[in-house]
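Peer 1: Supplied in C-alpha cells, the structure appears directly below.
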Amino acid sequence: MHIRNTNGHLSAAVPDSSRSDHANDMSIHNCRGPMCLKTVQPSHATPAAAAAMSPENSVAADVNAEDHLFVPPLNFSMVDYGIYRSGFPDAANFPFLKTLGLRSIIYLCPEPYPEENMQFLNANGIRLFQFGLEGSKELFVNIPEDLIVCALRVLLDERNHPLLIHCKRGKHRTGCLVGCLRKWQNWCLASIFDEYQRFAADKARVTDQRFMELFDISRIKKLASSPPYM
C-alpha cells in the first residue's frame with residue numbers, strides 16, 4: 001500500500017495487515033488498459049438490433065412464447081399409470097392433452113360433448129365414453145350405481161389407456177368414480193375420502209362419500225374376470 005504525502009511525493013510502502021499477501025501484490029498498475037476501457041465503452045448496436053430490444057418487441061416475444069405453453073385442465077392429476085382425471089377441458093388445454101397420447105375419455109356429464117372438443121378427439125383418434133351422471137347438490141339424491149359399474153368396465157380395460165376421466169369441475173362425479181376404483185385397489189376408506197376431499201375441498205358432499213362407502217366392491221371384482229368392454 002502506497003501513501004501520498006501532502007507535498008505530492010510517494011512515501012515508502014506500508015504493509016496492510018488486514019489484507020492477504022495476494023492482495024498486497026495488487027495495485028492499479030496491474031489493471032490492463034483495454035480491460036478497464038471495455039467496461040466504459042458505449043454499445044454500438046445496429047438500428048435493427050436496437051429495435052429488437054425495444055419494450056414493444058419484448059412484449060410480443062412473451063405473447064408468442066405463451067402460444068407454446070402446455071396448460072392442463074382444471075383439477076388435472078394422475079390417478080394411476082395410464083389414468084388421469086380433470087375438470088372439463090377446453091381449447092387452451094388441447095396441446096397439453098395431446099402430449100398424454102390419450103386413447104379414450106370418460107365423460108361423466110349428461111350434456112352433449114361440445115363440437116370443438118369432438119373435433120379434437122376425432123383429429124387425434126380419441127374415443128369418447130359418455131356416462132350421464134346428473135350433478136346435484138341435494139342431500140338424498142341417489143347416484144346410479146349401474147352407470148358407475150359401466151364406467152369402471154371401461155376404466156379397467158387397459159386397451160382404453162391412456163385415459164382421461166372428467167366431469168365439469170373434476171370434483172364430485174369424477175371423485176366418486178375414482179373412489180370406487182380405489183376400493184377395487186384395496187385402499188382404506190380414510191385414504192379414499194382424503195383423496196376425494198383434496199379435490200372437492202369445501203365442496204365435499206356427504207352423499208358422495210356415503211356412496212363410495214356403500215359401493216358393492218364385489219361388482220368390481222366380477223369385472224376383472226369378465227370379458228373386457230367392447
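In the C-alpha cells, each chain is lettered A, B, ... as it comes, each chain's residues begin at 1, and ligands are numbered from 1 in order of appearance.
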Write down as a PyMOL selection string the residues belonging to segment 45-225 of chain A that are assigned alpha helix (DSSP H) by DSSP computed on the backbone.
Peer 2: chain A and resi 47-52+55-66+94-99+115-123+145-156+172-184+189-200+206-214+217-225
Peer 1: Write to file, as an mmCIF file, in the first residue's frame, the residues of the selection just made, with C-alpha atoms.
Peer 2:
```cif
data_model
loop_
_atom_site.group_PDB
_atom_site.id
_atom_site.type_symbol
_atom_site.label_atom_id
_atom_site.label_comp_id
_atom_site.auth_asym_id
_atom_site.auth_seq_id
_atom_site.Cartn_x
_atom_site.Cartn_y
_atom_site.Cartn_z
ATOM 1 C CA PRO A 47 -30.579 0.092 -35.538
ATOM 2 C CA ALA A 48 -32.104 -3.332 -36.230
ATOM 3 C CA ALA A 49 -30.645 -4.790 -33.022
ATOM 4 C CA ALA A 50 -31.809 -1.804 -31.012
ATOM 5 C CA ALA A 51 -35.331 -2.194 -32.396
ATOM 6 C CA ALA A 52 -35.322 -5.888 -31.477
ATOM 7 C CA PRO A 55 -40.113 -2.940 -24.980
ATOM 8 C CA GLU A 56 -42.757 -3.467 -27.658
ATOM 9 C CA ASN A 57 -40.874 -6.368 -29.245
ATOM 10 C CA SER A 58 -40.120 -7.821 -25.818
ATOM 11 C CA VAL A 59 -43.833 -7.956 -25.010
ATOM 12 C CA ALA A 60 -44.579 -9.515 -28.400
ATOM 13 C CA ALA A 61 -41.972 -12.199 -27.750
ATOM 14 C CA ASP A 62 -43.611 -13.011 -24.420
ATOM 15 C CA VAL A 63 -47.006 -13.325 -26.107
ATOM 16 C CA ASN A 64 -45.601 -15.652 -28.769
ATOM 17 C CA ALA A 65 -43.961 -17.763 -26.075
ATOM 18 C CA GLU A 66 -47.347 -18.219 -24.412
ATOM 19 C CA PHE A 94 -55.727 -29.365 -26.122
ATOM 20 C CA PRO A 95 -51.938 -29.048 -26.675
ATOM 21 C CA PHE A 96 -51.337 -30.425 -23.178
ATOM 22 C CA LEU A 97 -53.785 -33.308 -23.637
ATOM 23 C CA LYS A 98 -52.093 -34.172 -26.904
ATOM 24 C CA THR A 99 -48.842 -34.863 -25.026
ATOM 25 C CA GLU A 115 -68.336 -29.735 -31.150
ATOM 26 C CA GLU A 116 -64.889 -28.192 -30.691
ATOM 27 C CA ASN A 117 -63.922 -30.955 -28.278
ATOM 28 C CA MET A 118 -65.301 -33.620 -30.620
ATOM 29 C CA GLN A 119 -63.170 -32.255 -33.427
ATOM 30 C CA PHE A 120 -60.098 -32.527 -31.211
ATOM 31 C CA LEU A 121 -60.971 -36.128 -30.317
ATOM 32 C CA ASN A 122 -61.566 -37.114 -33.950
ATOM 33 C CA ALA A 123 -58.347 -35.443 -35.095
ATOM 34 C CA GLU A 145 -74.605 -47.456 -9.313
ATOM 35 C CA ASP A 146 -75.125 -49.202 -12.660
ATOM 36 C CA LEU A 147 -73.608 -46.245 -14.520
ATOM 37 C CA ILE A 148 -70.582 -46.285 -12.215
ATOM 38 C CA VAL A 149 -70.149 -50.016 -12.873
ATOM 39 C CA CYS A 150 -70.303 -49.445 -16.646
ATOM 40 C CA ALA A 151 -67.746 -46.639 -16.369
ATOM 41 C CA LEU A 152 -65.483 -48.901 -14.312
ATOM 42 C CA ARG A 153 -65.695 -51.532 -17.031
ATOM 43 C CA VAL A 154 -64.218 -49.017 -19.478
ATOM 44 C CA LEU A 155 -61.730 -47.735 -16.917
ATOM 45 C CA LEU A 156 -60.324 -51.173 -16.077
ATOM 46 C CA HIS A 172 -67.764 -34.892 -7.355
ATOM 47 C CA ARG A 173 -68.692 -37.242 -10.203
ATOM 48 C CA THR A 174 -65.058 -37.822 -11.113
ATOM 49 C CA GLY A 175 -64.255 -38.206 -7.411
ATOM 50 C CA CYS A 176 -66.918 -40.893 -6.974
ATOM 51 C CA LEU A 177 -65.658 -42.934 -9.918
ATOM 52 C CA VAL A 178 -62.052 -42.672 -8.755
ATOM 53 C CA GLY A 179 -63.139 -43.561 -5.204
ATOM 54 C CA CYS A 180 -64.779 -46.775 -6.435
ATOM 55 C CA LEU A 181 -61.607 -47.583 -8.361
ATOM 56 C CA ARG A 182 -59.645 -47.132 -5.126
ATOM 57 C CA LYS A 183 -61.919 -49.651 -3.377
ATOM 58 C CA TRP A 184 -61.027 -52.142 -6.121
ATOM 59 C CA LEU A 189 -61.833 -45.641 3.351
ATOM 60 C CA ALA A 190 -59.805 -42.976 5.163
ATOM 61 C CA SER A 191 -57.410 -42.701 2.204
ATOM 62 C CA ILE A 192 -60.270 -42.736 -0.322
ATOM 63 C CA PHE A 193 -62.057 -39.911 1.491
ATOM 64 C CA ASP A 194 -58.839 -37.936 1.872
ATOM 65 C CA GLU A 195 -58.207 -38.055 -1.889
ATOM 66 C CA TYR A 196 -61.823 -37.106 -2.610
ATOM 67 C CA GLN A 197 -61.671 -34.127 -0.226
ATOM 68 C CA ARG A 198 -58.387 -32.853 -1.687
ATOM 69 C CA PHE A 199 -60.192 -32.219 -4.977
ATOM 70 C CA ALA A 200 -63.650 -31.309 -3.635
ATOM 71 C CA VAL A 206 -71.591 -36.405 2.353
ATOM 72 C CA THR A 207 -73.731 -38.243 -0.224
ATOM 73 C CA ASP A 208 -70.673 -38.869 -2.423
ATOM 74 C CA GLN A 209 -68.666 -40.273 0.460
ATOM 75 C CA ARG A 210 -71.558 -42.433 1.609
ATOM 76 C CA PHE A 211 -71.942 -43.791 -1.933
ATOM 77 C CA MET A 212 -68.264 -44.779 -2.044
ATOM 78 C CA GLU A 213 -68.519 -46.370 1.401
ATOM 79 C CA LEU A 214 -71.545 -48.499 0.466
ATOM 80 C CA ILE A 217 -66.919 -53.985 -4.229
ATOM 81 C CA SER A 218 -67.888 -57.454 -5.436
ATOM 82 C CA ARG A 219 -69.367 -55.915 -8.583
ATOM 83 C CA ILE A 220 -65.928 -54.548 -9.473
ATOM 84 C CA LYS A 221 -64.200 -57.855 -8.738
ATOM 85 C CA LYS A 222 -66.534 -59.584 -11.166
ATOM 86 C CA LEU A 223 -65.445 -57.126 -13.852
ATOM 87 C CA ALA A 224 -61.838 -58.264 -13.531
ATOM 88 C CA SER A 225 -62.787 -61.803 -14.587
#
```
Peer 1: Set the distance at 8 Å and use only C-alpha atoms: which residues neighbour Asn93 of chain A once local chain neighbours fewer than 5 positions away are removed? I'd like the list as a list in words.
Peer 2: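 Contacts, with the query itself left out: Phe70, Val71, Pro72 and Pro73 of chain A.
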Peer 1: Those residues with N, CA, C and O atoms, as a short mmCIF file (atom, residue, chain, number, x, y, z; two decimals), in the first residue's frame please?
Peer 2:
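Printed below is out_29.cif as written:
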```
data_model
loop_
_atom_site.label_atom_id
_atom_site.label_comp_id
_atom_site.auth_asym_id
_atom_site.auth_seq_id
_atom_site.Cartn_x
_atom_site.Cartn_y
_atom_site.Cartn_z
N PHE A 70 -48.03 -25.41 -22.32
CA PHE A 70 -48.96 -26.51 -22.15
C PHE A 70 -49.74 -26.27 -20.86
O PHE A 70 -49.18 -26.29 -19.78
N VAL A 71 -51.04 -26.07 -21.01
CA VAL A 71 -51.89 -25.73 -19.88
C VAL A 71 -52.79 -26.92 -19.56
O VAL A 71 -53.65 -27.28 -20.37
N PRO A 72 -52.63 -27.55 -18.39
CA PRO A 72 -53.50 -28.68 -18.04
C PRO A 72 -54.90 -28.19 -17.68
O PRO A 72 -55.08 -27.05 -17.27
N PRO A 73 -55.90 -29.06 -17.81
CA PRO A 73 -57.26 -28.67 -17.40
C PRO A 73 -57.34 -28.46 -15.89
O PRO A 73 -56.45 -28.86 -15.13
#
```
Peer 1: What separation in Å, quoted to one decimal, exists between atom CA of Gly82 of chain A and atom CA of Pro162 of chain A?
Peer 2: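 For atom CA of Gly82 of chain A relative to atom CA of Pro162 of chain A, the distance reads 4.2 Å.
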Peer 1: Identify, on the basis of only C-alpha atoms, every residue whose closest approach to Arg169 of chain A does not exceed 8 Å; exclude the query and any residue fewer than 4 positions from it along the same chain; express the result as a PyMOL selection string.
Peer 2: chain A and resi 74-75+86-88
Peer 1: Filtering to N, CA, C and O atoms, could you give me those residues as a PDB file, in the first residue's frame?
Peer 2:
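As written to disk, part13.pdb reads:
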```pdb
ATOM      1  N   LEU A  74     -58.430 -27.846 -15.471  1.00  0.00           N
ATOM      2  CA  LEU A  74     -58.697 -27.634 -14.056  1.00  0.00           C
ATOM      3  C   LEU A  74     -58.677 -28.964 -13.300  1.00  0.00           C
ATOM      4  O   LEU A  74     -59.203 -29.974 -13.776  1.00  0.00           O
ATOM      5  N   ASN A  75     -58.048 -28.958 -12.128  1.00  0.00           N
ATOM      6  CA  ASN A  75     -58.003 -30.135 -11.251  1.00  0.00           C
ATOM      7  C   ASN A  75     -57.363 -31.358 -11.918  1.00  0.00           C
ATOM      8  O   ASN A  75     -57.686 -32.497 -11.569  1.00  0.00           O
ATOM      9  N   SER A  86     -59.569 -34.870 -14.405  1.00  0.00           N
ATOM     10  CA  SER A  86     -59.536 -33.407 -14.526  1.00  0.00           C
ATOM     11  C   SER A  86     -60.956 -32.857 -14.553  1.00  0.00           C
ATOM     12  O   SER A  86     -61.940 -33.610 -14.537  1.00  0.00           O
ATOM     13  N   GLY A  87     -61.034 -31.527 -14.614  1.00  0.00           N
ATOM     14  CA  GLY A  87     -62.280 -30.865 -14.927  1.00  0.00           C
ATOM     15  C   GLY A  87     -62.457 -30.839 -16.430  1.00  0.00           C
ATOM     16  O   GLY A  87     -61.679 -31.439 -17.179  1.00  0.00           O
ATOM     17  N   PHE A  88     -63.481 -30.091 -16.896  1.00  0.00           N
ATOM     18  CA  PHE A  88     -63.800 -30.077 -18.325  1.00  0.00           C
ATOM     19  C   PHE A  88     -62.686 -29.368 -19.102  1.00  0.00           C
ATOM     20  O   PHE A  88     -62.400 -28.202 -18.855  1.00  0.00           O
TER      21      PHE A  88
END
```
Peer 1: For Leu164 of chain A, please output as a PyMOL selection string all residues within 9 Å (counting only C-alpha atoms; exclusion window: fewer than 4 positions along the same chain).
Peer 2: chain A and resi 82-86+102-107
Peer 1: Find, counting only C-alpha atoms, the residue in A:Pro110, A:Arg127, A:Ile143, A:Asp216 that gets nearest to Leu163 of chain A.
Peer 2: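 Of A:Pro110, A:Arg127, A:Ile143, A:Asp216, the one nearest Leu163 of chain A is A:Arg127, counting only C-alpha atoms.
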Peer 1: Distance atom CA of Tyr113 of chain A-atom CA of Gly125 of chain A, one decimal place?
Peer 2: 15.8 Å
Peer 1: Pick from A:Cys188, A:Ile126, A:Ala201, A:Cys109: nearest to His166 of chain A, with only C-alpha atoms counted?
Peer 2: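 When distances to His166 of chain A are compared using only C-alpha atoms, the smallest one comes from A:Cys109.
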Peer 1: Would you please extract all strand (DSSP E or B) residues from segment 64-227 of chain A, as assigned by DSSP on the backbone, and give them as number ranges by chain?
Peer 2: A: 77-80, 83-86, 104-107, 127-130, 163-166
Peer 1: Using only C-alpha atoms, find the one residue out of A:Phe76, A:Pro114, A:Asn186, A:Asp202 that sits nearest to Gly170 of chain A.
Peer 2: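 Closest to Gly170 of chain A, using only C-alpha atoms: A:Phe76.
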